[in-house]
file coords01.cif (mmCIF, all heavy atoms)
data_coords
#
loop_
_atom_site.label_atom_id
_atom_site.label_comp_id
_atom_site.auth_asym_id
_atom_site.auth_seq_id
_atom_site.Cartn_x
_atom_site.Cartn_y
_atom_site.Cartn_z
N MET L 93 -19.45 63.42 23.69
CA MET L 93 -20.29 62.29 23.41
C MET L 93 -20.15 61.22 24.51
O MET L 93 -21.12 60.61 24.92
CB MET L 93 -19.90 61.73 22.04
CG MET L 93 -20.93 60.83 21.47
SD MET L 93 -22.39 61.78 21.06
CE MET L 93 -23.13 60.76 19.90
N HIS L 94 -18.91 61.02 24.95
CA HIS L 94 -18.66 60.03 26.00
C HIS L 94 -19.39 60.42 27.28
O HIS L 94 -19.92 59.55 27.98
CB HIS L 94 -17.16 59.91 26.24
CG HIS L 94 -16.81 58.88 27.27
ND1 HIS L 94 -16.71 59.17 28.60
CD2 HIS L 94 -16.57 57.55 27.15
CE1 HIS L 94 -16.41 58.09 29.27
NE2 HIS L 94 -16.31 57.09 28.41
N LYS L 95 -19.40 61.69 27.58
CA LYS L 95 -20.08 62.17 28.78
C LYS L 95 -21.58 61.90 28.72
O LYS L 95 -22.18 61.50 29.72
CB LYS L 95 -19.81 63.66 28.97
CG LYS L 95 -20.34 64.23 30.25
CD LYS L 95 -19.94 65.68 30.39
CE LYS L 95 -20.46 66.24 31.69
NZ LYS L 95 -20.10 67.64 31.87
N ILE L 96 -22.17 62.04 27.56
CA ILE L 96 -23.61 61.78 27.39
C ILE L 96 -23.90 60.30 27.62
O ILE L 96 -24.83 59.95 28.34
CB ILE L 96 -24.09 62.24 26.00
CG1 ILE L 96 -24.00 63.76 25.88
CG2 ILE L 96 -25.51 61.77 25.74
CD1 ILE L 96 -24.25 64.27 24.48
N PHE L 97 -23.12 59.43 26.98
CA PHE L 97 -23.34 58.00 27.15
C PHE L 97 -23.11 57.53 28.58
O PHE L 97 -23.81 56.68 29.09
CB PHE L 97 -22.47 57.19 26.18
CG PHE L 97 -22.94 57.27 24.77
CD1 PHE L 97 -22.09 57.71 23.76
CD2 PHE L 97 -24.23 56.90 24.42
CE1 PHE L 97 -22.51 57.78 22.46
CE2 PHE L 97 -24.65 56.97 23.12
CZ PHE L 97 -23.81 57.41 22.12
N THR L 98 -22.11 58.11 29.25
CA THR L 98 -21.85 57.77 30.64
C THR L 98 -23.01 58.20 31.52
O THR L 98 -23.45 57.44 32.40
CB THR L 98 -20.55 58.44 31.12
OG1 THR L 98 -19.49 58.07 30.24
CG2 THR L 98 -20.22 58.03 32.53
N THR L 99 -23.54 59.38 31.27
CA THR L 99 -24.69 59.88 32.05
C THR L 99 -25.91 58.99 31.83
O THR L 99 -26.60 58.64 32.79
CB THR L 99 -25.01 61.33 31.65
OG1 THR L 99 -23.85 62.13 31.82
CG2 THR L 99 -26.14 61.88 32.50
N ILE L 100 -26.17 58.61 30.59
CA ILE L 100 -27.31 57.74 30.28
C ILE L 100 -27.12 56.37 30.92
O ILE L 100 -28.05 55.79 31.49
CB ILE L 100 -27.51 57.62 28.76
CG1 ILE L 100 -27.97 58.96 28.21
CG2 ILE L 100 -28.52 56.54 28.44
CD1 ILE L 100 -28.02 59.02 26.69
N ARG L 101 -25.90 55.83 30.87
CA ARG L 101 -25.64 54.51 31.46
C ARG L 101 -25.86 54.54 32.97
O ARG L 101 -26.46 53.64 33.54
CB ARG L 101 -24.21 54.08 31.14
CG ARG L 101 -23.84 52.72 31.69
CD ARG L 101 -22.46 52.29 31.27
NE ARG L 101 -21.44 53.24 31.61
CZ ARG L 101 -20.79 53.27 32.78
NH1 ARG L 101 -21.09 52.40 33.70
NH2 ARG L 101 -19.86 54.17 33.00
N VAL L 102 -25.40 55.59 33.64
CA VAL L 102 -25.59 55.72 35.08
C VAL L 102 -27.07 55.88 35.39
O VAL L 102 -27.59 55.29 36.35
CB VAL L 102 -24.78 56.93 35.62
CG1 VAL L 102 -25.17 57.26 37.05
CG2 VAL L 102 -23.30 56.63 35.53
N TRP L 103 -27.77 56.64 34.59
CA TRP L 103 -29.20 56.86 34.79
C TRP L 103 -29.97 55.54 34.69
O TRP L 103 -30.82 55.23 35.52
CB TRP L 103 -29.70 57.88 33.78
CG TRP L 103 -31.13 58.27 33.93
CD1 TRP L 103 -31.69 58.93 34.98
CD2 TRP L 103 -32.18 58.01 33.00
NE1 TRP L 103 -33.03 59.11 34.75
CE2 TRP L 103 -33.36 58.55 33.55
CE3 TRP L 103 -32.24 57.39 31.77
CZ2 TRP L 103 -34.58 58.47 32.90
CZ3 TRP L 103 -33.45 57.31 31.11
CH2 TRP L 103 -34.60 57.85 31.69
N PHE L 104 -29.68 54.73 33.65
CA PHE L 104 -30.34 53.44 33.51
C PHE L 104 -29.96 52.48 34.64
O PHE L 104 -30.79 51.71 35.12
CB PHE L 104 -30.02 52.79 32.16
CG PHE L 104 -30.87 53.29 31.03
CD1 PHE L 104 -30.30 53.88 29.92
CD2 PHE L 104 -32.25 53.18 31.08
CE1 PHE L 104 -31.08 54.34 28.89
CE2 PHE L 104 -33.04 53.64 30.05
CZ PHE L 104 -32.45 54.23 28.94
N ALA L 105 -28.72 52.52 35.08
CA ALA L 105 -28.28 51.65 36.17
C ALA L 105 -29.03 51.98 37.45
O ALA L 105 -29.42 51.08 38.21
CB ALA L 105 -26.78 51.77 36.39
N GLU L 106 -29.26 53.27 37.71
CA GLU L 106 -30.02 53.67 38.90
C GLU L 106 -31.48 53.26 38.79
O GLU L 106 -32.10 52.90 39.79
CB GLU L 106 -29.91 55.17 39.10
CG GLU L 106 -28.54 55.62 39.55
CD GLU L 106 -28.41 57.13 39.60
OE1 GLU L 106 -29.36 57.84 39.20
OE2 GLU L 106 -27.35 57.61 40.04
N MET L 107 -32.03 53.31 37.59
CA MET L 107 -33.44 52.92 37.41
C MET L 107 -33.64 51.43 37.63
O MET L 107 -34.65 51.01 38.19
CB MET L 107 -33.91 53.28 35.99
CG MET L 107 -34.21 54.73 35.82
SD MET L 107 -34.79 55.20 34.16
CE MET L 107 -35.53 53.76 33.50
N LEU L 108 -32.69 50.62 37.17
CA LEU L 108 -32.83 49.17 37.23
C LEU L 108 -32.30 48.55 38.52
O LEU L 108 -32.50 47.37 38.76
CB LEU L 108 -32.12 48.53 36.04
CG LEU L 108 -32.66 48.95 34.67
CD1 LEU L 108 -31.81 48.35 33.56
CD2 LEU L 108 -34.11 48.54 34.51
N ALA L 109 -31.62 49.33 39.33
CA ALA L 109 -31.04 48.81 40.57
C ALA L 109 -32.16 48.44 41.54
O ALA L 109 -33.14 49.18 41.70
CB ALA L 109 -30.12 49.84 41.20
N THR L 110 -32.03 47.29 42.16
CA THR L 110 -33.00 46.87 43.16
C THR L 110 -32.53 47.35 44.53
O THR L 110 -31.34 47.28 44.85
CB THR L 110 -33.16 45.34 43.18
OG1 THR L 110 -31.91 44.75 43.42
CG2 THR L 110 -33.72 44.85 41.86
N GLU L 111 -33.46 47.80 45.31
CA GLU L 111 -33.12 48.28 46.64
C GLU L 111 -32.91 47.09 47.57
O GLU L 111 -33.73 46.17 47.62
CB GLU L 111 -34.24 49.15 47.19
CG GLU L 111 -33.91 49.81 48.49
CD GLU L 111 -35.00 50.76 48.95
OE1 GLU L 111 -35.60 51.40 48.09
OE2 GLU L 111 -35.23 50.81 50.15
N VAL L 112 -31.82 47.11 48.29
CA VAL L 112 -31.50 46.05 49.23
C VAL L 112 -32.35 46.26 50.49
O VAL L 112 -32.33 47.33 51.09
CB VAL L 112 -30.01 46.07 49.59
CG1 VAL L 112 -29.69 45.00 50.62
CG2 VAL L 112 -29.17 45.90 48.34
N PRO L 113 -33.13 45.22 50.87
CA PRO L 113 -33.92 45.40 52.09
C PRO L 113 -33.02 45.57 53.31
O PRO L 113 -32.01 44.88 53.45
CB PRO L 113 -34.74 44.11 52.19
CG PRO L 113 -34.05 43.13 51.32
CD PRO L 113 -33.29 43.92 50.29
N GLN L 114 -33.40 46.47 54.18
CA GLN L 114 -32.61 46.71 55.37
C GLN L 114 -32.85 45.63 56.40
O GLN L 114 -33.92 45.02 56.46
CB GLN L 114 -32.95 48.07 55.97
CG GLN L 114 -32.57 49.22 55.08
CD GLN L 114 -32.88 50.55 55.75
OE1 GLN L 114 -33.41 50.59 56.85
NE2 GLN L 114 -32.54 51.63 55.08
N ASP L 115 -31.85 45.39 57.20
CA ASP L 115 -31.94 44.40 58.27
C ASP L 115 -32.88 44.92 59.35
O ASP L 115 -32.64 45.97 59.93
CB ASP L 115 -30.55 44.17 58.85
CG ASP L 115 -30.53 43.13 59.95
OD1 ASP L 115 -31.46 42.30 60.00
OD2 ASP L 115 -29.60 43.14 60.76
N PRO L 116 -33.99 44.19 59.64
CA PRO L 116 -34.92 44.68 60.65
C PRO L 116 -34.30 44.74 62.04
O PRO L 116 -34.68 45.57 62.86
CB PRO L 116 -36.08 43.70 60.61
CG PRO L 116 -35.58 42.50 59.91
CD PRO L 116 -34.44 42.95 59.04
N LEU L 117 -33.33 43.88 62.33
CA LEU L 117 -32.71 43.91 63.65
C LEU L 117 -31.78 45.11 63.80
O LEU L 117 -31.56 45.59 64.89
CB LEU L 117 -31.93 42.62 63.91
CG LEU L 117 -32.77 41.34 64.00
CD1 LEU L 117 -31.86 40.14 64.20
CD2 LEU L 117 -33.77 41.43 65.12
N GLY L 118 -31.26 45.60 62.69
CA GLY L 118 -30.37 46.74 62.75
C GLY L 118 -31.08 48.04 63.11
O GLY L 118 -30.46 48.98 63.59
N ARG L 119 -32.39 48.08 62.87
CA ARG L 119 -33.15 49.29 63.18
C ARG L 119 -33.75 49.26 64.58
O ARG L 119 -34.35 50.23 65.01
CB ARG L 119 -34.28 49.47 62.17
CG ARG L 119 -33.75 49.77 60.76
CD ARG L 119 -34.87 49.96 59.80
NE ARG L 119 -35.39 48.65 59.47
CZ ARG L 119 -36.64 48.40 59.09
NH1 ARG L 119 -37.49 49.36 58.99
NH2 ARG L 119 -37.03 47.18 58.81
N MET L 120 -33.60 48.17 65.30
CA MET L 120 -34.21 48.04 66.63
C MET L 120 -33.32 48.68 67.69
O MET L 120 -32.10 48.64 67.60
CB MET L 120 -34.43 46.58 66.98
CG MET L 120 -35.43 45.88 66.11
SD MET L 120 -35.58 44.16 66.56
CE MET L 120 -37.23 44.15 67.19
N SER L 121 -33.97 49.24 68.69
CA SER L 121 -33.24 49.82 69.81
C SER L 121 -32.77 48.70 70.74
O SER L 121 -33.26 47.57 70.66
CB SER L 121 -34.16 50.78 70.58
OG SER L 121 -35.17 50.06 71.25
N PRO L 122 -31.82 48.97 71.62
CA PRO L 122 -31.36 47.94 72.56
C PRO L 122 -32.51 47.38 73.41
O PRO L 122 -32.53 46.20 73.72
CB PRO L 122 -30.34 48.66 73.42
CG PRO L 122 -29.83 49.75 72.56
CD PRO L 122 -30.99 50.18 71.71
N ARG L 123 -33.47 48.21 73.77
CA ARG L 123 -34.60 47.74 74.57
C ARG L 123 -35.46 46.75 73.76
O ARG L 123 -35.90 45.74 74.28
CB ARG L 123 -35.43 48.93 75.04
CG ARG L 123 -36.71 48.49 75.72
CD ARG L 123 -37.43 49.65 76.34
NE ARG L 123 -37.37 49.39 77.76
CZ ARG L 123 -37.27 50.29 78.70
NH1 ARG L 123 -37.22 51.55 78.40
NH2 ARG L 123 -37.22 49.95 79.95
N GLU L 124 -35.69 47.06 72.48
CA GLU L 124 -36.47 46.15 71.64
C GLU L 124 -35.72 44.83 71.42
O GLU L 124 -36.32 43.77 71.39
CB GLU L 124 -36.77 46.81 70.29
CG GLU L 124 -37.73 47.97 70.39
CD GLU L 124 -37.86 48.74 69.10
OE1 GLU L 124 -36.88 48.81 68.33
OE2 GLU L 124 -38.96 49.27 68.86
N LEU L 125 -34.41 44.91 71.25
CA LEU L 125 -33.62 43.69 71.09
C LEU L 125 -33.66 42.83 72.34
O LEU L 125 -33.68 41.60 72.26
CB LEU L 125 -32.16 44.04 70.75
CG LEU L 125 -31.93 44.58 69.34
CD1 LEU L 125 -30.50 45.09 69.22
CD2 LEU L 125 -32.22 43.52 68.30
N ALA L 126 -33.71 43.45 73.51
CA ALA L 126 -33.75 42.70 74.76
C ALA L 126 -35.09 41.99 74.93
O ALA L 126 -35.17 40.97 75.62
CB ALA L 126 -33.51 43.63 75.94
N ASP L 127 -36.15 42.49 74.29
CA ASP L 127 -37.46 41.86 74.40
C ASP L 127 -37.64 40.66 73.48
O ASP L 127 -38.62 39.93 73.60
CB ASP L 127 -38.56 42.89 74.09
CG ASP L 127 -38.70 43.92 75.19
OD1 ASP L 127 -38.26 43.65 76.32
OD2 ASP L 127 -39.25 45.01 74.91
N LEU L 128 -36.71 40.44 72.58
CA LEU L 128 -36.82 39.30 71.67
C LEU L 128 -36.57 38.00 72.43
O LEU L 128 -35.79 37.95 73.38
CB LEU L 128 -35.80 39.42 70.54
CG LEU L 128 -36.04 40.55 69.54
CD1 LEU L 128 -34.89 40.60 68.54
CD2 LEU L 128 -37.35 40.38 68.82
N PRO L 129 -37.22 36.89 72.01
CA PRO L 129 -36.98 35.62 72.68
C PRO L 129 -35.55 35.13 72.42
O PRO L 129 -34.96 35.43 71.39
CB PRO L 129 -38.00 34.68 72.05
CG PRO L 129 -38.38 35.30 70.76
CD PRO L 129 -38.22 36.78 70.94
N VAL L 130 -35.03 34.38 73.36
CA VAL L 130 -33.67 33.87 73.24
C VAL L 130 -33.59 32.74 72.22
O VAL L 130 -32.60 32.57 71.53
CB VAL L 130 -33.17 33.38 74.62
CG1 VAL L 130 -31.79 32.78 74.51
CG2 VAL L 130 -33.20 34.52 75.61
N TYR L 131 -34.65 31.99 72.08
CA TYR L 131 -34.67 30.86 71.15
C TYR L 131 -35.82 31.06 70.18
O TYR L 131 -36.74 31.83 70.41
CB TYR L 131 -34.83 29.54 71.91
CG TYR L 131 -36.16 29.44 72.62
CD1 TYR L 131 -37.24 28.83 72.01
CD2 TYR L 131 -36.34 29.97 73.90
CE1 TYR L 131 -38.47 28.76 72.65
CE2 TYR L 131 -37.56 29.90 74.54
CZ TYR L 131 -38.62 29.29 73.92
OH TYR L 131 -39.83 29.24 74.55
N HIS L 132 -35.77 30.32 69.10
CA HIS L 132 -36.84 30.37 68.11
C HIS L 132 -37.93 29.39 68.53
O HIS L 132 -37.64 28.24 68.86
CB HIS L 132 -36.31 30.01 66.72
CG HIS L 132 -37.25 30.38 65.63
ND1 HIS L 132 -38.34 29.63 65.31
CD2 HIS L 132 -37.28 31.46 64.81
CE1 HIS L 132 -39.01 30.20 64.32
NE2 HIS L 132 -38.38 31.32 64.01
N PRO L 133 -39.22 29.81 68.54
CA PRO L 133 -40.30 28.94 69.00
C PRO L 133 -40.41 27.63 68.22
O PRO L 133 -40.81 26.62 68.77
CB PRO L 133 -41.56 29.78 68.82
CG PRO L 133 -41.10 31.17 68.72
CD PRO L 133 -39.70 31.14 68.20
N GLN L 134 -40.07 27.62 66.95
CA GLN L 134 -40.19 26.39 66.17
C GLN L 134 -39.14 25.36 66.56
O GLN L 134 -39.28 24.19 66.25
CB GLN L 134 -40.06 26.68 64.68
CG GLN L 134 -41.33 27.24 64.08
CD GLN L 134 -41.25 27.31 62.58
OE1 GLN L 134 -40.16 27.44 62.02
NE2 GLN L 134 -42.37 27.22 61.94
N SER L 135 -38.08 25.76 67.23
CA SER L 135 -37.04 24.81 67.61
C SER L 135 -37.57 23.78 68.62
O SER L 135 -37.01 22.70 68.75
CB SER L 135 -35.82 25.52 68.17
OG SER L 135 -36.17 26.18 69.38
N ASP L 136 -38.66 24.09 69.36
CA ASP L 136 -39.23 23.14 70.29
C ASP L 136 -40.04 22.06 69.59
O ASP L 136 -40.26 20.99 70.14
CB ASP L 136 -40.15 23.86 71.29
CG ASP L 136 -39.37 24.73 72.24
OD1 ASP L 136 -38.16 24.50 72.39
OD2 ASP L 136 -39.97 25.66 72.81
N ARG L 137 -40.49 22.31 68.40
CA ARG L 137 -41.33 21.35 67.68
C ARG L 137 -40.53 20.18 67.13
O ARG L 137 -41.04 19.08 67.01
CB ARG L 137 -42.05 22.05 66.52
CG ARG L 137 -43.03 23.08 66.98
CD ARG L 137 -43.75 23.67 65.80
NE ARG L 137 -44.55 24.80 66.23
CZ ARG L 137 -45.13 25.63 65.42
NH1 ARG L 137 -44.99 25.49 64.12
NH2 ARG L 137 -45.83 26.63 65.88
N PHE L 138 -39.30 20.42 66.76
CA PHE L 138 -38.50 19.37 66.14
C PHE L 138 -37.38 18.97 67.10
O PHE L 138 -36.61 19.82 67.54
CB PHE L 138 -37.89 19.87 64.83
CG PHE L 138 -38.93 20.32 63.85
CD1 PHE L 138 -39.13 21.67 63.61
CD2 PHE L 138 -39.73 19.42 63.19
CE1 PHE L 138 -40.10 22.10 62.73
CE2 PHE L 138 -40.70 19.84 62.30
CZ PHE L 138 -40.89 21.18 62.06
N PRO L 139 -37.25 17.69 67.40
CA PRO L 139 -36.19 17.26 68.32
C PRO L 139 -34.82 17.45 67.66
O PRO L 139 -34.67 17.32 66.46
CB PRO L 139 -36.48 15.79 68.56
CG PRO L 139 -37.31 15.35 67.40
CD PRO L 139 -38.07 16.56 66.95
N ALA L 140 -33.84 17.75 68.46
CA ALA L 140 -32.48 17.93 67.97
C ALA L 140 -31.90 16.59 67.57
O ALA L 140 -32.10 15.58 68.25
CB ALA L 140 -31.61 18.58 69.04
N ARG L 141 -31.21 16.56 66.47
CA ARG L 141 -30.58 15.33 66.00
C ARG L 141 -29.10 15.36 66.35
O ARG L 141 -28.40 16.33 66.08
CB ARG L 141 -30.72 15.19 64.48
CG ARG L 141 -32.15 15.03 64.07
CD ARG L 141 -32.25 14.87 62.59
NE ARG L 141 -33.67 14.82 62.21
CZ ARG L 141 -34.08 14.83 60.97
NH1 ARG L 141 -33.22 14.87 59.99
NH2 ARG L 141 -35.35 14.78 60.69
N CYS L 142 -28.63 14.31 66.95
CA CYS L 142 -27.22 14.25 67.35
C CYS L 142 -26.44 13.39 66.41
O CYS L 142 -26.84 12.51 65.82
CB CYS L 142 -27.08 13.72 68.77
SG CYS L 142 -27.81 14.83 69.96
#

call {"tool": "encode", "arguments": {"input": "coords01.cif", "output": "structure tokens"}}
result
Amino acid sequence: MHKIFTTIRVWFAEMLATEVPQDPLGRMSPRELADLPVYHPQSDRFPARC
């Protein structure tokens, strides 16, 4: 009986588990990473506060 309940609990846990989105930078090749800008374009719009 315990084995049945354990199997059902694992089955429901897998059904309700949310998939963690993968890091888009982790899937990029070194060449694609080198093509990325060094700074974020929005950083030019707002002056830095000291």

call {"tool": "atom_distance", "arguments": {"input": "coords01.cif", "atom1": "CB of Met107 (chain L)", "atom2": "atom C of Lys95 (chain L)"}}
result
16.7 Å

call {"tool": "atom_distance", "arguments": {"input": "coords01.cif", "atom1": "atom N of Thr98 (chain L)", "atom2": "atom C of Thr110 (chain L)"}}
result
21.4 Å

call {"tool": "atom_distance", "arguments": {"input": "coords01.cif", "atom1": "CA of Leu128 (chain L)", "atom2": "CA of Pro116 (chain L)"}}
result
12.4 Å

call {"tool": "axis_aligned_box", "arguments": {"input": "coords01.cif", "around": "region 104-113 of chain L", "padding_each_side": "6 Å", "output": "JSON"}}
result
{"center_x": -31.2, "center_y": 50.5, "center_z": 41.2, "size_x": 20.8, "size_y": 26.7, "size_z": 36.6}
